[in-house]
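Structure file work16.cif; described as mmCIF, C-alpha atoms and all ligand atoms.
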data_run
#
loop_
_atom_site.label_atom_id
_atom_site.label_comp_id
_atom_site.auth_asym_id
_atom_site.auth_seq_id
_atom_site.Cartn_x
_atom_site.Cartn_y
_atom_site.Cartn_z
CA MET A 19 0.00 0.00 0.00
CA THR A 20 1.30 3.44 -0.82
CA GLY A 21 0.26 6.69 0.75
CA ARG A 22 1.56 9.91 2.16
CA LEU A 23 3.63 9.65 5.27
CA PRO A 24 2.16 11.58 8.21
CA ALA A 25 3.89 14.88 8.94
CA PRO A 26 6.54 14.36 11.67
CA THR A 27 5.56 15.43 15.13
CA LEU A 28 7.81 17.86 16.99
CA ALA A 29 9.08 15.05 19.20
CA ALA A 30 10.19 13.05 16.15
CA VAL A 31 12.26 15.91 14.70
CA THR A 32 15.73 15.48 16.11
CA GLN A 33 18.61 17.87 15.61
CA THR A 34 22.18 16.84 14.97
CA PRO A 35 24.07 17.49 18.20
CA ASP A 36 26.98 19.92 18.19
CA HIS A 37 29.56 17.19 18.95
CA VAL A 38 28.40 15.12 15.94
CA LEU A 39 28.91 18.11 13.63
CA ARG A 40 32.31 18.92 15.14
CA ASN A 41 33.45 15.31 14.87
CA ARG A 42 32.29 15.11 11.25
CA VAL A 43 34.52 18.07 10.34
CA ALA A 44 37.42 16.63 12.36
CA TRP A 45 37.18 13.16 10.78
CA ASP A 46 36.77 14.51 7.25
CA ALA A 47 40.09 16.29 7.86
CA LEU A 48 41.78 13.22 9.41
CA ALA A 49 40.61 10.74 6.79
CA ALA A 50 43.68 10.91 4.53
CA GLU A 51 45.93 10.09 7.50
CA TYR A 52 43.86 6.96 8.28
CA ALA A 53 43.82 5.56 4.72
CA GLY A 54 47.26 3.88 4.98
CA PRO A 55 46.61 2.20 8.36
CA GLY A 56 43.16 1.27 7.04
CA PHE A 57 44.77 -0.48 4.07
CA ASP A 58 47.12 -2.38 6.42
CA ASN A 59 44.14 -3.55 8.48
CA TRP A 60 42.15 -4.56 5.39
CA SER A 61 45.23 -6.56 4.29
CA ALA A 62 45.60 -8.37 7.64
CA SER A 63 44.86 -12.09 7.35
CA THR A 64 43.61 -12.20 10.96
CA PRO A 65 42.15 -9.36 13.05
CA THR A 66 44.33 -7.37 15.45
CA TRP A 67 42.82 -4.86 17.86
CA GLY A 68 43.45 -1.39 19.17
CA VAL A 69 46.48 0.82 18.93
CA TRP A 70 48.88 -2.03 19.81
CA HIS A 71 47.46 -4.47 17.25
CA VAL A 72 46.91 -7.25 19.75
CA PRO A 73 45.89 -10.42 17.89
CA GLU A 74 42.33 -11.74 18.02
CA ALA A 75 43.76 -15.10 19.08
CA GLN A 76 45.01 -13.46 22.33
CA LEU A 77 41.85 -11.45 23.06
CA GLY A 78 38.91 -13.48 21.74
CA ILE A 79 36.85 -10.38 20.95
CA LEU A 80 34.78 -11.70 18.04
CA PRO A 81 31.95 -14.19 18.51
CA PRO A 82 33.18 -17.65 17.47
CA ARG A 83 30.37 -18.09 14.92
CA LEU A 84 29.56 -15.23 12.56
CA GLU A 85 28.30 -17.18 9.55
CA GLY A 86 24.98 -15.72 8.35
CA THR A 87 24.73 -13.06 11.07
CA ASP A 88 23.66 -9.46 10.48
CA ALA A 89 26.29 -7.11 11.88
CA LEU A 90 26.44 -3.32 12.20
CA GLU A 91 29.67 -1.40 12.75
CA LEU A 92 28.99 1.99 14.33
CA GLY A 93 31.72 4.44 13.29
CA CYS A 94 33.29 2.07 10.77
CA GLY A 95 35.87 4.54 9.45
CA THR A 96 37.87 2.77 6.76
CA GLY A 97 35.72 -0.33 7.26
CA TYR A 98 38.30 -2.96 8.11
CA VAL A 99 36.41 -4.42 11.08
CA SER A 100 33.40 -4.94 8.80
CA ALA A 101 35.73 -6.55 6.24
CA TRP A 102 36.99 -8.98 8.91
CA LEU A 103 33.36 -9.81 9.77
CA ALA A 104 32.44 -10.34 6.09
CA ARG A 105 35.39 -12.69 5.61
CA ARG A 106 34.04 -14.72 8.54
CA GLY A 107 30.65 -15.09 6.88
CA ALA A 108 28.72 -12.21 8.46
CA ARG A 109 26.63 -9.65 6.55
CA PRO A 110 28.08 -6.37 7.83
CA VAL A 111 26.81 -2.82 7.37
CA GLY A 112 29.31 -0.03 7.98
CA LEU A 113 27.90 3.24 9.33
CA ASP A 114 29.96 6.39 9.72
CA ASN A 115 29.46 10.12 10.22
CA SER A 116 32.28 11.16 7.86
CA ALA A 117 31.88 11.11 4.06
CA ALA A 118 35.66 11.19 3.67
CA GLN A 119 36.18 8.12 5.86
CA LEU A 120 33.45 6.29 3.95
CA ALA A 121 35.14 7.25 0.65
CA THR A 122 38.26 5.43 1.89
CA ALA A 123 36.12 2.45 2.94
CA ALA A 124 34.54 2.37 -0.54
CA ALA A 125 37.99 2.54 -2.19
CA MET A 126 39.12 -0.39 -0.01
CA GLN A 127 36.05 -2.37 -1.08
CA GLU A 128 37.03 -1.84 -4.72
CA ARG A 129 40.65 -2.73 -4.06
CA PHE A 130 39.89 -5.91 -2.11
CA GLY A 131 36.80 -6.93 -4.10
CA LEU A 132 34.69 -7.19 -0.96
CA ARG A 133 31.48 -5.19 -0.82
CA PHE A 134 28.98 -4.45 1.93
CA PRO A 135 26.64 -1.49 2.53
CA LEU A 136 28.23 1.76 3.73
CA ILE A 137 25.84 4.30 5.24
CA GLN A 138 26.58 7.90 6.17
CA ALA A 139 24.67 8.62 9.37
CA ASP A 140 25.03 9.55 13.01
CA ALA A 141 25.33 6.46 15.22
CA GLU A 142 23.27 8.26 17.86
CA GLN A 143 20.33 8.26 15.41
CA ALA A 144 21.00 5.13 13.37
CA PRO A 145 18.44 4.76 10.54
CA PHE A 146 17.47 1.10 10.99
CA ALA A 147 14.43 -0.72 12.33
CA ASP A 148 14.41 -2.21 15.82
CA ALA A 149 15.95 -5.68 16.17
CA SER A 150 17.74 -5.63 12.79
CA PHE A 151 21.12 -7.01 13.88
CA ASP A 152 22.74 -9.94 15.70
CA LEU A 153 25.94 -8.00 16.41
CA VAL A 154 26.69 -4.30 16.91
CA ILE A 155 30.40 -3.56 17.07
CA SER A 156 32.58 -0.46 17.40
CA GLU A 157 36.34 -0.08 17.63
CA TYR A 158 37.08 3.54 18.57
CA GLY A 159 34.02 4.56 16.54
CA ALA A 160 30.73 5.48 18.21
CA SER A 161 32.30 3.94 21.30
CA ASN A 162 34.73 6.87 21.54
CA TRP A 163 33.06 9.77 19.69
CA CYS A 164 29.38 9.43 20.56
CA ASP A 165 27.56 10.14 23.78
CA PRO A 166 27.14 6.73 25.45
CA TYR A 167 23.76 7.83 26.81
CA ALA A 168 22.63 8.22 23.17
CA TRP A 169 24.46 5.54 21.16
CA ILE A 170 24.24 2.60 23.59
CA PRO A 171 20.40 2.77 23.81
CA GLN A 172 20.42 2.91 19.98
CA ALA A 173 22.66 -0.17 19.79
CA ALA A 174 20.38 -2.01 22.24
CA ARG A 175 17.33 -1.05 20.17
CA LEU A 176 18.95 -2.35 16.98
CA LEU A 177 19.95 -5.72 18.46
CA ARG A 178 17.81 -8.82 18.31
CA PRO A 179 17.21 -10.59 21.61
CA GLY A 180 20.38 -12.56 22.36
CA GLY A 181 22.43 -10.31 20.04
CA GLN A 182 25.82 -8.98 21.11
CA LEU A 183 27.22 -5.50 21.60
CA ILE A 184 31.03 -5.37 21.49
CA PHE A 185 33.03 -2.15 21.71
CA LEU A 186 36.61 -1.06 22.24
CA VAL A 187 37.49 2.24 23.93
CA ASN A 188 40.27 4.01 25.79
CA SER A 189 40.44 2.70 29.33
CA VAL A 190 39.31 4.72 32.31
CA GLU A 191 42.90 4.56 33.64
CA LEU A 192 44.21 6.18 30.45
CA VAL A 193 41.59 8.92 30.42
CA LEU A 194 42.33 9.82 34.03
CA THR A 195 46.10 10.01 33.60
CA TRP A 196 46.33 11.67 30.17
CA PRO A 197 47.93 15.11 30.24
CA GLU A 198 45.78 17.90 28.83
CA GLN A 199 48.19 18.61 25.94
CA ASP A 200 47.49 16.73 22.75
CA ASP A 201 50.04 14.10 21.69
CA MET A 202 51.59 13.56 25.14
CA PRO A 203 51.54 10.02 26.57
CA ALA A 204 49.69 9.01 29.71
CA THR A 205 51.36 9.91 32.99
CA GLN A 206 51.49 7.99 36.28
CA THR A 207 49.42 10.55 38.19
CA LEU A 208 45.73 11.29 38.20
CA GLN A 209 45.09 14.41 36.11
CA ARG A 210 41.35 14.88 36.63
CA PRO A 211 38.42 13.69 38.72
CA TYR A 212 36.85 10.30 38.09
CA PHE A 213 33.41 11.30 39.29
CA GLY A 214 31.41 13.11 36.64
CA MET A 215 33.59 12.08 33.69
CA HIS A 216 31.58 12.15 30.45
CA ARG A 217 32.33 14.68 27.68
CA PHE A 218 35.95 15.56 26.83
CA GLN A 219 37.35 18.18 24.51
CA TRP A 220 41.12 18.01 24.84
CA ALA A 221 43.14 21.23 24.69
CA GLY A 222 43.81 22.21 21.10
CA ALA A 223 41.33 19.68 19.67
CA SER A 224 38.11 20.63 17.92
CA SER A 225 36.72 17.10 18.23
CA VAL A 226 34.73 15.81 21.19
CA GLU A 227 35.10 12.42 22.92
CA PHE A 228 33.06 10.66 25.57
CA HIS A 229 34.34 8.48 28.40
CA ILE A 230 32.38 7.38 31.45
CA GLY A 231 33.37 5.50 34.59
CA HIS A 232 32.85 1.78 35.04
CA GLY A 233 29.94 2.06 37.48
CA ASP A 234 28.12 4.41 35.13
CA MET A 235 28.80 2.10 32.17
CA ILE A 236 27.52 -0.97 34.04
CA ARG A 237 24.32 0.84 35.04
CA LEU A 238 23.79 2.18 31.50
CA LEU A 239 24.23 -1.23 29.85
CA ARG A 240 21.87 -2.88 32.32
CA ARG A 241 19.27 -0.12 31.93
CA CYS A 242 19.33 -0.76 28.16
CA GLY A 243 18.49 -4.43 28.68
CA LEU A 244 22.07 -5.60 28.11
CA GLU A 245 23.72 -8.26 30.23
CA ILE A 246 27.47 -7.75 30.65
CA CYS A 247 29.43 -10.77 29.42
CA ASP A 248 33.03 -9.52 29.73
CA LEU A 249 35.33 -6.55 30.20
CA ILE A 250 38.64 -7.29 28.50
CA GLU A 251 41.45 -5.00 29.63
CA ILE A 252 44.00 -5.12 26.84
CA GLN A 253 47.64 -5.74 27.72
CA PRO A 254 49.94 -5.50 24.68
CA PRO A 255 52.53 -8.26 24.41
CA PRO A 256 56.24 -7.47 25.03
CA GLY A 257 57.74 -5.68 22.04
CA ALA A 258 54.38 -4.39 20.73
CA THR A 259 54.55 -1.11 18.81
CA THR A 260 52.08 1.66 17.99
CA ARG A 261 52.01 4.76 15.81
CA HIS A 262 49.90 6.52 18.44
CA SER A 263 51.25 8.49 21.39
CA LEU A 264 48.63 7.37 23.91
CA ALA A 265 51.02 5.66 26.32
CA SER A 266 54.46 4.10 26.42
CA LEU A 267 54.68 0.32 26.09
CA GLU A 268 55.93 0.14 29.70
CA TRP A 269 52.82 2.05 30.83
CA ALA A 270 50.49 -0.15 28.78
CA ARG A 271 52.15 -3.30 30.12
CA ASN A 272 51.39 -2.11 33.67
CA TRP A 273 47.94 -0.58 33.24
CA PRO A 274 45.28 -1.16 30.59
CA CYS A 275 45.15 1.66 28.07
CA GLU A 276 42.26 0.09 26.16
CA GLU A 277 39.24 -1.94 27.22
CA VAL A 278 36.65 -4.01 25.39
CA TRP A 279 33.10 -4.36 26.67
CA LYS A 280 31.02 -7.35 25.61
CA ALA A 281 27.30 -7.41 26.40
CA ARG A 282 24.31 -9.39 25.24
CA LYS A 283 20.72 -8.24 24.80
CA THR A 284 18.65 -10.20 27.24
CA LEU A 285 16.03 -12.48 25.74
CA ARG A 286 13.23 -10.73 27.59
CA ALA A 287 14.30 -7.17 26.65
C1 LIG B 1 39.24 6.04 14.77
S1 LIG B 1 37.95 5.92 13.57
C2 LIG B 1 37.46 4.29 14.02
C3 LIG B 1 37.03 3.49 12.88
C4 LIG B 1 37.93 2.35 12.44
N1 LIG B 1 38.15 1.40 13.51
C5 LIG B 1 39.20 2.93 11.84
O1 LIG B 1 40.20 3.07 12.55
O2 LIG B 1 39.18 3.27 10.66
C6 LIG B 1 36.58 6.85 14.30
C7 LIG B 1 35.38 6.92 13.38
O3 LIG B 1 34.21 7.25 14.14
C8 LIG B 1 33.40 8.03 13.29
N2 LIG B 1 32.39 8.75 14.06
C9 LIG B 1 32.56 9.80 14.91
N3 LIG B 1 31.38 10.23 15.37
C10 LIG B 1 30.42 9.45 14.79
C11 LIG B 1 28.99 9.42 14.85
N4 LIG B 1 28.31 10.28 15.60
N5 LIG B 1 28.35 8.48 14.13
C12 LIG B 1 29.03 7.60 13.34
N6 LIG B 1 30.37 7.60 13.24
C13 LIG B 1 31.07 8.50 13.95
C14 LIG B 1 34.38 8.95 12.61
O4 LIG B 1 33.83 9.59 11.48
C15 LIG B 1 35.54 8.02 12.32
O5 LIG B 1 35.48 7.48 11.04
#

What's the structure tokens form of this structure?
Ligand SMILES: C[S@@+](CC[C@H](N)C(=O)[O-])C[C@H]1O[C@@H](n2cnc3c(N)ncnc32)[C@H](O)[C@@H]1O
Amino acid sequence: MTGRLPAPTLAAVTQTPDHVLRNRVAWDALAAEYAGPGFDNWSASTPTWGVWHVPEAQLGILPPRLEGTDALELGCGTGYVSAWLARRGARPVGLDNSAAQLATAAAMQERFGLRFPLIQADAEQAPFADASFDLVISEYGASNWCDPYAWIPQAARLLRPGGQLIFLVNSVELVLTWPEQDDMPATQTLQRPYFGMHRFQWAGASSVEFHIGHGDMIRLLRRCGLEICDLIEIQPPPGATTRHSLASLEWARNWPCEEVWKARKTLRA
């Protein structure tokens, strides 16, 4: 049946938040810098995670069976996580806020002959029906750049009962010990309060990040009908290297600088 759609009510008209617009500009500008590392990750025969490229075999982040599953990557950037999922038999969709990042993802699809849908949208207002996916995943995507109080309820809405939410972010320890200046590694002293942590705009950066404490994260996930399955605190192996200046290897061997949350939508949610 066809017909005119009803006019949207005021409540249904949502505005793009300021941080989403700022982050779109920032990531359009950063995209060229991420194309080379994106290519390396697309080329990888097995997944490696985070800034230290810790192998999947050490971390066990991905569900063991992906064959035939519908997966959504929120903040897919160059799209390599979705490519890893597709190679394991999933049907991924890559969503990102930045047209320039998605242009790199599309170029990678051409280069590697592996295609899946790429959608430009805000992960806080993802344009999909409820219960469309078996897996929602984010590696430094929505998990880092979106407000958790907006994107995690979206992810929960999009999951089918029993579906999994998996996301990788900077650890709370890193966020608390980072110096204010951009490009300086984490220190060994607390630089800011833990209580109230949420929105961060680092000195000299136009982009906006979000990081919340563990208690707040646990309560948020549970309120969204998600049961927490694991919190993997990533320890890079001896000799690991990174192009990022987040923390020294010695620091990251002593304290987690990245963490991975795994949660499952409860069957009754
Ligand atoms: C570090 S990249 C992570 C993606 C991928 N793992 C990579 O390294 O290419 C961060 C991505 O999050 C995206 N992003 C930021 N805010 C977003 C939002 N509100 N909705 C969707 N994507 C967003 C950015 O455009 C960027 O491509």

Inset, instruction - Counting all atoms listed in the file, write as a ChimeraX atom specification all protein and nucleic acid residues lying at most 9 Å from (42.6, 17.9, 24.5) in the file's frame. - result: /A:197-201,218-226

Inset, instruction - Do a neighbour search on segment 72-80 of chain A at 8 Å with all atoms listed in the file, toss out local chain neighbours closer than 2 positions, and write the hits as JSON, numbers by chain. - result: {"A": [64, 65, 66, 67, 68, 70, 82, 184, 250, 252, 254, 255, 278]}

Inset, instruction - Output the neighbourhood of ligand LIG 1 (chain B) as number ranges by chain, that is, all protein and nucleic acid residues with some atom at most 8 Å from the ligand, counting only C-alpha atoms and all ligand atoms. - result: A: 37-38, 41-42, 44-46, 49, 52-53, 55-56, 92-99, 113-117, 119-120, 138-142, 156-160, 162-164

Inset, instruction - Might you pull out every residue within 9 Å of Gly107 of chain A, with only C-alpha atoms counted and same-chain residues fewer than 6 positions away left off, and present them as a list of chain:residue names? - result: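 Counting only the stated atoms, we get A:Arg83, A:Leu84, A:Glu85, A:Gly86, A:Thr87.
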
Legend entry - Residue with smallest distance to Cys242 of chain A - pool A:Val193, A:Leu153, A:Leu183, A:Leu267, counting all atoms listed in the file: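 Selected residue with least distance to Cys242 of chain A: A:Leu183.
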
Inset, instruction - Rounded to one decimal place, report the atom CA of Phe228 of chain A-atom CA of Glu251 of chain A distance in Å. - result: 18.2 Å

Inset, instruction - Write out as a list in words which residues come within 12 Å of Glu268 of chain A when counting only C-alpha atoms, dropping same-chain ones fewer than 2 positions away. - result: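 That gives Pro203, Ala204, Thr205, Gln206, Gln253, Pro254, Pro255, Pro256, Gly257, Ala258, Thr259, Leu264, Ala265, Ser266, Ala270, Arg271, Asn272, Trp273, Pro274 and Cys275 of chain A.
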
Legend entry - atom CA of Leu176 of chain A to atom CA of Arg106 of chain A, straight-line distance in Å: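 The value is 21.3 Å.
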
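Restricting the calculation to all atoms listed in the file, the smallest distance between Leu285 of chain A and any of A:Leu177, A:Val187, A:Ile137, A:Leu48 is found for A:Leu177.
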
Inset, instruction - Kindly give the distance, in Å, that separates atom CA of Arg133 of chain A and atom CA of Ala47 of chain A, rounded to a single decimal. - result: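 Taking atom CA of Arg133 of chain A and atom CA of Ala47 of chain A, their separation equals 24.7 Å.
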
Inset, instruction - Write out as an NGL selection string the residues lying within 10 Å of Phe151 of chain A, counting only C-alpha atoms and excluding same-chain residues fewer than 2 positions away. - result: :A and (87-90 or 109-111 or 146-149 or 153-154 or 173-179 or 181-183)

Only C-alpha atoms, please: the residues just picked out, written as a PDB file, keeping the file's coordinate frame.
ATOM      1  CA  THR A  87      24.730 -13.060  11.070  1.00  0.00           C
ATOM      2  CA  ASP A  88      23.660  -9.460  10.480  1.00  0.00           C
ATOM      3  CA  ALA A  89      26.290  -7.110  11.880  1.00  0.00           C
ATOM      4  CA  LEU A  90      26.440  -3.320  12.200  1.00  0.00           C
ATOM      5  CA  ARG A 109      26.630  -9.650   6.550  1.00  0.00           C
ATOM      6  CA  PRO A 110      28.080  -6.370   7.830  1.00  0.00           C
ATOM      7  CA  VAL A 111      26.810  -2.820   7.370  1.00  0.00           C
ATOM      8  CA  PHE A 146      17.470   1.100  10.990  1.00  0.00           C
ATOM      9  CA  ALA A 147      14.430  -0.720  12.330  1.00  0.00           C
ATOM     10  CA  ASP A 148      14.410  -2.210  15.820  1.00  0.00           C
ATOM     11  CA  ALA A 149      15.950  -5.680  16.170  1.00  0.00           C
ATOM     12  CA  LEU A 153      25.940  -8.000  16.410  1.00  0.00           C
ATOM     13  CA  VAL A 154      26.690  -4.300  16.910  1.00  0.00           C
ATOM     14  CA  ALA A 173      22.660  -0.170  19.790  1.00  0.00           C
ATOM     15  CA  ALA A 174      20.380  -2.010  22.240  1.00  0.00           C
ATOM     16  CA  ARG A 175      17.330  -1.050  20.170  1.00  0.00           C
ATOM     17  CA  LEU A 176      18.950  -2.350  16.980  1.00  0.00           C
ATOM     18  CA  LEU A 177      19.950  -5.720  18.460  1.00  0.00           C
ATOM     19  CA  ARG A 178      17.810  -8.820  18.310  1.00  0.00           C
ATOM     20  CA  PRO A 179      17.210 -10.590  21.610  1.00  0.00           C
ATOM     21  CA  GLY A 181      22.430 -10.310  20.040  1.00  0.00           C
ATOM     22  CA  GLN A 182      25.820  -8.980  21.110  1.00  0.00           C
ATOM     23  CA  LEU A 183      27.220  -5.500  21.600  1.00  0.00           C
TER      24      LEU A 183
END

Inset, instruction - Check the smallest atom-to-atom distance from each of A:Ile236, A:Leu103, A:Leu194, A:Ile155 to Ser63 of chain A using all atoms listed in the file, then report the winner. - result: A:Leu103

Is it possible to dump segment 141-165 of chain A as a PDB file, in the first residue's frame, including just N, CA and C atoms?
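Saved file selection-v7.pdb follows:
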ATOM      1  N   ALA A 141      25.616   7.681  14.458  1.00  0.00           N
ATOM      2  CA  ALA A 141      25.331   6.455  15.222  1.00  0.00           C
ATOM      3  C   ALA A 141      24.363   6.706  16.380  1.00  0.00           C
ATOM      4  N   GLU A 142      24.213   7.964  16.779  1.00  0.00           N
ATOM      5  CA  GLU A 142      23.270   8.260  17.860  1.00  0.00           C
ATOM      6  C   GLU A 142      21.823   8.260  17.349  1.00  0.00           C
ATOM      7  N   GLN A 143      21.681   8.284  16.003  1.00  0.00           N
ATOM      8  CA  GLN A 143      20.335   8.264  15.408  1.00  0.00           C
ATOM      9  C   GLN A 143      20.368   7.320  14.208  1.00  0.00           C
ATOM     10  N   ALA A 144      20.756   6.080  14.463  1.00  0.00           N
ATOM     11  CA  ALA A 144      21.003   5.130  13.369  1.00  0.00           C
ATOM     12  C   ALA A 144      19.694   4.789  12.639  1.00  0.00           C
ATOM     13  N   PRO A 145      19.685   4.881  11.306  1.00  0.00           N
ATOM     14  CA  PRO A 145      18.437   4.760  10.536  1.00  0.00           C
ATOM     15  C   PRO A 145      18.057   3.317  10.208  1.00  0.00           C
ATOM     16  N   PHE A 146      17.864   2.494  11.204  1.00  0.00           N
ATOM     17  CA  PHE A 146      17.472   1.098  10.990  1.00  0.00           C
ATOM     18  C   PHE A 146      16.310   0.755  11.924  1.00  0.00           C
ATOM     19  N   ALA A 147      15.561  -0.267  11.515  1.00  0.00           N
ATOM     20  CA  ALA A 147      14.432  -0.720  12.333  1.00  0.00           C
ATOM     21  C   ALA A 147      14.933  -1.430  13.585  1.00  0.00           C
ATOM     22  N   ASP A 148      14.096  -1.463  14.593  1.00  0.00           N
ATOM     23  CA  ASP A 148      14.408  -2.210  15.819  1.00  0.00           C
ATOM     24  C   ASP A 148      14.765  -3.652  15.454  1.00  0.00           C
ATOM     25  N   ALA A 149      15.636  -4.240  16.270  1.00  0.00           N
ATOM     26  CA  ALA A 149      15.946  -5.683  16.174  1.00  0.00           C
ATOM     27  C   ALA A 149      16.390  -6.105  14.774  1.00  0.00           C
ATOM     28  N   SER A 150      17.269  -5.310  14.150  1.00  0.00           N
ATOM     29  CA  SER A 150      17.738  -5.626  12.790  1.00  0.00           C
ATOM     30  C   SER A 150      19.041  -6.409  12.777  1.00  0.00           C
ATOM     31  N   PHE A 151      19.754  -6.467  13.917  1.00  0.00           N
ATOM     32  CA  PHE A 151      21.118  -7.010  13.882  1.00  0.00           C
ATOM     33  C   PHE A 151      21.366  -8.040  15.005  1.00  0.00           C
ATOM     34  N   ASP A 152      22.298  -8.951  14.697  1.00  0.00           N
ATOM     35  CA  ASP A 152      22.739  -9.940  15.699  1.00  0.00           C
ATOM     36  C   ASP A 152      23.978  -9.440  16.436  1.00  0.00           C
ATOM     37  N   LEU A 153      24.695  -8.510  15.818  1.00  0.00           N
ATOM     38  CA  LEU A 153      25.941  -7.998  16.409  1.00  0.00           C
ATOM     39  C   LEU A 153      26.046  -6.509  16.088  1.00  0.00           C
ATOM     40  N   VAL A 154      26.309  -5.706  17.117  1.00  0.00           N
ATOM     41  CA  VAL A 154      26.687  -4.304  16.909  1.00  0.00           C
ATOM     42  C   VAL A 154      28.088  -4.160  17.476  1.00  0.00           C
ATOM     43  N   ILE A 155      28.998  -3.599  16.671  1.00  0.00           N
ATOM     44  CA  ILE A 155      30.402  -3.556  17.066  1.00  0.00           C
ATOM     45  C   ILE A 155      30.970  -2.161  16.800  1.00  0.00           C
ATOM     46  N   SER A 156      31.943  -1.762  17.605  1.00  0.00           N
ATOM     47  CA  SER A 156      32.580  -0.462  17.399  1.00  0.00           C
ATOM     48  C   SER A 156      33.977  -0.500  17.985  1.00  0.00           C
ATOM     49  N   GLU A 157      34.965  -0.191  17.145  1.00  0.00           N
ATOM     50  CA  GLU A 157      36.345  -0.077  17.633  1.00  0.00           C
ATOM     51  C   GLU A 157      36.754   1.385  17.502  1.00  0.00           C
ATOM     52  N   TYR A 158      36.760   2.104  18.592  1.00  0.00           N
ATOM     53  CA  TYR A 158      37.083   3.537  18.565  1.00  0.00           C
ATOM     54  C   TYR A 158      36.173   4.316  17.617  1.00  0.00           C
ATOM     55  N   GLY A 159      34.960   3.848  17.391  1.00  0.00           N
ATOM     56  CA  GLY A 159      34.017   4.558  16.537  1.00  0.00           C
ATOM     57  C   GLY A 159      33.019   5.288  17.426  1.00  0.00           C
ATOM     58  N   ALA A 160      31.732   4.902  17.311  1.00  0.00           N
ATOM     59  CA  ALA A 160      30.726   5.480  18.206  1.00  0.00           C
ATOM     60  C   ALA A 160      31.168   5.334  19.654  1.00  0.00           C
ATOM     61  N   SER A 161      31.869   4.245  19.938  1.00  0.00           N
ATOM     62  CA  SER A 161      32.299   3.940  21.302  1.00  0.00           C
ATOM     63  C   SER A 161      33.161   5.051  21.902  1.00  0.00           C
ATOM     64  N   ASN A 162      33.821   5.827  21.059  1.00  0.00           N
ATOM     65  CA  ASN A 162      34.726   6.873  21.541  1.00  0.00           C
ATOM     66  C   ASN A 162      34.174   8.277  21.288  1.00  0.00           C
ATOM     67  N   TRP A 163      33.401   8.428  20.187  1.00  0.00           N
ATOM     68  CA  TRP A 163      33.056   9.772  19.695  1.00  0.00           C
ATOM     69  C   TRP A 163      31.594  10.114  19.877  1.00  0.00           C
ATOM     70  N   CYS A 164      30.804   9.169  20.348  1.00  0.00           N
ATOM     71  CA  CYS A 164      29.378   9.429  20.561  1.00  0.00           C
ATOM     72  C   CYS A 164      29.070   9.421  22.051  1.00  0.00           C
ATOM     73  N   ASP A 165      27.985  10.114  22.386  1.00  0.00           N
ATOM     74  CA  ASP A 165      27.559  10.142  23.778  1.00  0.00           C
ATOM     75  C   ASP A 165      27.007   8.756  24.141  1.00  0.00           C
TER      76      ASP A 165
END
